[in-house]
Amino acid sequence: MSPFLCTFAAMNGKKKNRWTIIKGQELTEMDRIILAAQERGKEVPTRRLIKTPEQIEGIRRAGVVNTGILDMLTDKIHAGMTTLEIDDLVAEYTAAHGAKSACLGYEGFPKSCCTSVNEVVCHGIPNDWEVLEDGDIINVDCTTILDGYFADASRMYVVGGKTDAKRQKLVDVAWECLKIGEEVCSKPYVYVGDIGNAIQKHARKNGFSVVRDLAGHGTGLEFHEEPDVDHYGHKGTGMLLVPGMVFTIEPMINMGTYEVFCDEDDGWTVVTEDELPSAQWEHTFVMTEHGVEVLTH
Ligand code: MF3
Ligand code: CO
Ligand code: CO
């Protein structure tokens, strides 16, 4: 092995973001805060992660189409339909609005959205054999590309409008977890770990668990960007969230164990280890000087 390769191998896992100042330009308030955090050994973003106002407008427009998809599904999801029919509706709406699905073809994913029913945590693949029944809880997760900008959101739908009390509570608590994450971000310069910590506390208080193997993520110019947004953890850990950053919060909340596995056959479907139900909601947010604003209403 060449000495170069050795060096690179040894450097794996030692990458760290560094906030750099623009030469000849006076430090802004934001520069000062980020540099101070960096000096204290905190994880900080790079300038690449800060979106311009124009980019944020583009992501906002992608968010409008994305929201339109999830709204459209509200009246369409019913007992007796297959998850493939949901995918058809998503594909049709997306195309009709001049957008593209980011899921379709992503790492070989074959459909335009993810449909995750009951014990499926996420990344369920729409298919023509899975028929929805009254009382099922289903997450539909869509990521929409418009003019090159990405917006990512998901919602829970209760088939037939009614389910049992426990599953309803799971759906409600998962929603509250997302709202709690949003509230933590009601001002800039919080840490990703602050979000996860608050979400985990709320889930636990309600007797539920938080999935650890999957996280929210930066988004906007690509499907998945830095940082990872864990939905558990300790305050003050993870990346500092500063104005101009665009990211998702998407807590996956389980009725039983937090442990999950991935279906060996399709390589995508994530299922709870104990096969008890799971629920998830997701929004894309932009951090501003006044806290986050949701881009996928
Ligand atoms: N939309 C999912 C997320 O929230 C990712 C789905 S990847 C896919 O990050 F390939 F399964 F679509
Ligand atoms: Co996402
Ligand atoms: Co998503």
# chains A, B, ... in the order shown; residues from 1 in each chain; ligands from 1
>>> closest_atom_pairs(of="chain A", to="ligand 2", cutoff="9 Å", atoms="only C-alpha atoms and all ligand atoms", output="tab-separated table")
residue	atom	partner	partner_atom_place_in_ligand_line	distance
A:Asp141	CA	ligand 2	1 (Co)	8.0
A:Cys142	CA	ligand 2	1 (Co)	8.6
A:Thr143	CA	ligand 2	1 (Co)	7.6
A:Ala151	CA	ligand 2	1 (Co)	8.6
A:Asp152	CA	ligand 2	1 (Co)	5.4
A:Ala153	CA	ligand 2	1 (Co)	6.6
A:Ser154	CA	ligand 2	1 (Co)	8.1
A:Ala215	CA	ligand 2	1 (Co)	7.8
A:Gly216	CA	ligand 2	1 (Co)	5.4
A:His217	CA	ligand 2	1 (Co)	6.2
A:Gly218	CA	ligand 2	1 (Co)	8.3
A:Thr219	CA	ligand 2	1 (Co)	7.8
A:Phe223	CA	ligand 2	1 (Co)	7.9
A:His224	CA	ligand 2	1 (Co)	7.4
A:Phe247	CA	ligand 2	1 (Co)	8.3
A:Thr248	CA	ligand 2	1 (Co)	5.7
A:Ile249	CA	ligand 2	1 (Co)	7.4
A:Glu250	CA	ligand 2	1 (Co)	6.5
A:Glu282	CA	ligand 2	1 (Co)	6.8
A:His283	CA	ligand 2	1 (Co)	7.8
A:Thr284	CA	ligand 2	1 (Co)	7.8
>>> residues_around(residues="Gly267 (chain A)", least_positions_apart="5", cutoff="12 Å", atoms="only C-alpha atoms", output="list in words")
Glu107, Gly108, Phe109, Pro110, His123, Gly124, Ile125, Phe261 and Cys262 of chain A
>>> write_last_selection(atoms="N, CA and C atoms", output="short mmCIF file (atom, residue, chain, number, x, y, z; two decimals), in the first residue's frame")
data_model
loop_
_atom_site.label_atom_id
_atom_site.label_comp_id
_atom_site.auth_asym_id
_atom_site.auth_seq_id
_atom_site.Cartn_x
_atom_site.Cartn_y
_atom_site.Cartn_z
N GLU A 107 -30.51 5.58 -5.41
CA GLU A 107 -29.83 4.35 -4.99
C GLU A 107 -30.62 3.11 -5.40
N GLY A 108 -31.30 3.22 -6.52
CA GLY A 108 -32.07 2.09 -7.04
C GLY A 108 -33.48 1.97 -6.49
N PHE A 109 -33.94 2.93 -5.68
CA PHE A 109 -35.32 2.86 -5.17
C PHE A 109 -36.28 2.93 -6.35
N PRO A 110 -37.26 1.99 -6.41
CA PRO A 110 -38.03 1.85 -7.66
C PRO A 110 -39.28 2.72 -7.79
N HIS A 123 -39.30 3.75 4.45
CA HIS A 123 -38.76 3.19 3.20
C HIS A 123 -39.55 1.99 2.68
N GLY A 124 -40.84 1.88 3.06
CA GLY A 124 -41.68 0.86 2.46
C GLY A 124 -41.83 1.15 0.96
N ILE A 125 -41.78 0.10 0.15
CA ILE A 125 -41.87 0.27 -1.30
C ILE A 125 -43.31 0.05 -1.76
N PHE A 261 -35.09 -3.51 11.84
CA PHE A 261 -34.25 -4.25 10.89
C PHE A 261 -34.68 -3.92 9.47
N CYS A 262 -33.79 -4.23 8.54
CA CYS A 262 -34.06 -3.93 7.14
C CYS A 262 -34.38 -5.23 6.42
#
>>> select_by_dssp(residues="region 73-259 of chain A", states="helix (DSSP H, G or I)", output="ChimeraX atom specification")
/A:73-76,83-96,106-108,159-161,165-184,192-205
>>> atom_distance(atom1="CA of Glu226 (chain A)", atom2="CA of Cys185 (chain A)")
17.0 Å
>>> residues_around(residues="Leu35 (chain A)", least_positions_apart="6", cutoff="10 Å", atoms="only C-alpha atoms", output="list in words")
Arg18, Trp19, Thr20, Ile21, Leu27, Gly41, Lys42 and Val44 of chain A
>>> closest_residue(among="A:Pro53, A:Gly181, A:Gly98, A:Pro126", to="Val294 (chain A)", atoms="only C-alpha atoms")
A:Gly181
>>> closest_residue(among="A:Val190, A:Val121, A:Val210, A:Ala174", to="ligand 1", atoms="only C-alpha atoms and all ligand atoms")
A:Val121
>>> select_by_dssp(residues="region 96-268 of chain A", states="strand (DSSP E or B)", output="number ranges by chain")
A: 100-101, 114-117, 120-122, 131, 137-146, 149-158, 190-191, 209-210, 216-218, 225-229, 239-241, 246-249, 252-254, 260-262
>>> write_last_selection(atoms="C-alpha atoms", output="PDB file, in the first residue's frame")
ATOM      1  CA  LYS A 100     -39.663  15.194 -10.159  1.00  0.00           C
ATOM      2  CA  SER A 101     -39.610  12.632  -7.385  1.00  0.00           C
ATOM      3  CA  CYS A 114     -42.277   5.564   0.421  1.00  0.00           C
ATOM      4  CA  THR A 115     -45.392   3.924   1.889  1.00  0.00           C
ATOM      5  CA  SER A 116     -44.844   2.521   5.374  1.00  0.00           C
ATOM      6  CA  VAL A 117     -47.800   0.697   6.934  1.00  0.00           C
ATOM      7  CA  VAL A 120     -43.015  -0.604   8.805  1.00  0.00           C
ATOM      8  CA  VAL A 121     -40.883   2.259  10.116  1.00  0.00           C
ATOM      9  CA  CYS A 122     -39.893   3.843   6.804  1.00  0.00           C
ATOM     10  CA  VAL A 131     -54.074  -3.668   0.333  1.00  0.00           C
ATOM     11  CA  ILE A 137     -51.767   3.681   9.966  1.00  0.00           C
ATOM     12  CA  ILE A 138     -49.625   4.598   6.971  1.00  0.00           C
ATOM     13  CA  ASN A 139     -46.784   7.047   6.485  1.00  0.00           C
ATOM     14  CA  VAL A 140     -46.341   8.482   3.003  1.00  0.00           C
ATOM     15  CA  ASP A 141     -42.933  10.125   2.523  1.00  0.00           C
ATOM     16  CA  CYS A 142     -42.346  12.244  -0.593  1.00  0.00           C
ATOM     17  CA  THR A 143     -39.290  14.160  -1.664  1.00  0.00           C
ATOM     18  CA  THR A 144     -39.906  16.591  -4.497  1.00  0.00           C
ATOM     19  CA  ILE A 145     -37.390  18.199  -6.850  1.00  0.00           C
ATOM     20  CA  LEU A 146     -38.459  21.433  -8.527  1.00  0.00           C
ATOM     21  CA  TYR A 149     -34.319  22.223  -5.370  1.00  0.00           C
ATOM     22  CA  PHE A 150     -35.377  19.510  -2.895  1.00  0.00           C
ATOM     23  CA  ALA A 151     -38.181  19.455  -0.316  1.00  0.00           C
ATOM     24  CA  ASP A 152     -38.829  16.407   1.855  1.00  0.00           C
ATOM     25  CA  ALA A 153     -41.897  15.723   4.006  1.00  0.00           C
ATOM     26  CA  SER A 154     -44.066  12.893   5.245  1.00  0.00           C
ATOM     27  CA  ARG A 155     -47.369  12.476   7.049  1.00  0.00           C
ATOM     28  CA  MET A 156     -49.366   9.772   8.766  1.00  0.00           C
ATOM     29  CA  TYR A 157     -52.781   8.822   7.401  1.00  0.00           C
ATOM     30  CA  VAL A 158     -55.293   6.755   9.359  1.00  0.00           C
ATOM     31  CA  VAL A 190     -29.282  25.619  19.002  1.00  0.00           C
ATOM     32  CA  TYR A 191     -27.626  22.218  18.587  1.00  0.00           C
ATOM     33  CA  SER A 209     -39.257   4.708  21.926  1.00  0.00           C
ATOM     34  CA  VAL A 210     -37.253   6.611  19.304  1.00  0.00           C
ATOM     35  CA  GLY A 216     -33.257  13.666   9.743  1.00  0.00           C
ATOM     36  CA  HIS A 217     -30.783  15.446   7.498  1.00  0.00           C
ATOM     37  CA  GLY A 218     -29.718  18.582   5.735  1.00  0.00           C
ATOM     38  CA  GLU A 225     -26.817  16.789   3.097  1.00  0.00           C
ATOM     39  CA  GLU A 226     -25.064  17.427   6.404  1.00  0.00           C
ATOM     40  CA  PRO A 227     -25.919  17.416   9.241  1.00  0.00           C
ATOM     41  CA  ASP A 228     -27.503  14.203  10.516  1.00  0.00           C
ATOM     42  CA  VAL A 229     -30.429  15.180  12.711  1.00  0.00           C
ATOM     43  CA  MET A 239     -24.026  20.444  14.788  1.00  0.00           C
ATOM     44  CA  LEU A 240     -24.784  24.053  15.612  1.00  0.00           C
ATOM     45  CA  LEU A 241     -27.814  25.214  13.566  1.00  0.00           C
ATOM     46  CA  VAL A 246     -32.059  23.813   5.587  1.00  0.00           C
ATOM     47  CA  PHE A 247     -32.785  20.470   7.227  1.00  0.00           C
ATOM     48  CA  THR A 248     -35.484  17.980   8.087  1.00  0.00           C
ATOM     49  CA  ILE A 249     -36.801  16.774  11.416  1.00  0.00           C
ATOM     50  CA  MET A 252     -39.725   7.741  13.907  1.00  0.00           C
ATOM     51  CA  ILE A 253     -41.537   6.725  17.105  1.00  0.00           C
ATOM     52  CA  ASN A 254     -42.118   3.071  18.015  1.00  0.00           C
ATOM     53  CA  VAL A 260     -35.405  -2.031  13.709  1.00  0.00           C
ATOM     54  CA  PHE A 261     -34.247  -4.250  10.886  1.00  0.00           C
ATOM     55  CA  CYS A 262     -34.063  -3.932   7.136  1.00  0.00           C
TER      56      CYS A 262
END
>>> closest_residue(among="A:Val242, A:Val159, A:Ala36, A:Ala91", to="Ile77 (chain A)", atoms="only C-alpha atoms")
A:Val159
>>> closest_residue(among="A:Ala102, A:Ala95, A:Met255, A:Cys177", to="ligand 1", atoms="only C-alpha atoms and all ligand atoms")
A:Ala102
>>> residues_around(residues="Gly68 (chain A)", least_positions_apart="5", cutoff="9 Å", atoms="only C-alpha atoms", output="NGL selection string")
:A and (63 or 73 or 93)
>>> closest_residue(among="A:Gln280, A:Thr83, A:Thr46, A:Asn12", to="ligand 1", atoms="only C-alpha atoms and all ligand atoms")
A:Gln280
>>> residues_around(residues="Lys169 (chain A)", least_positions_apart="4", cutoff="10 Å", atoms="only C-alpha atoms", output="MDAnalysis selection string")
chainID A and resid 163:165 173:175 206 208 255 279
>>> closest_residue(among="A:Thr237, A:Thr257, A:Gln25, A:Ser112", to="ligand 3", atoms="only C-alpha atoms and all ligand atoms")
A:Ser112
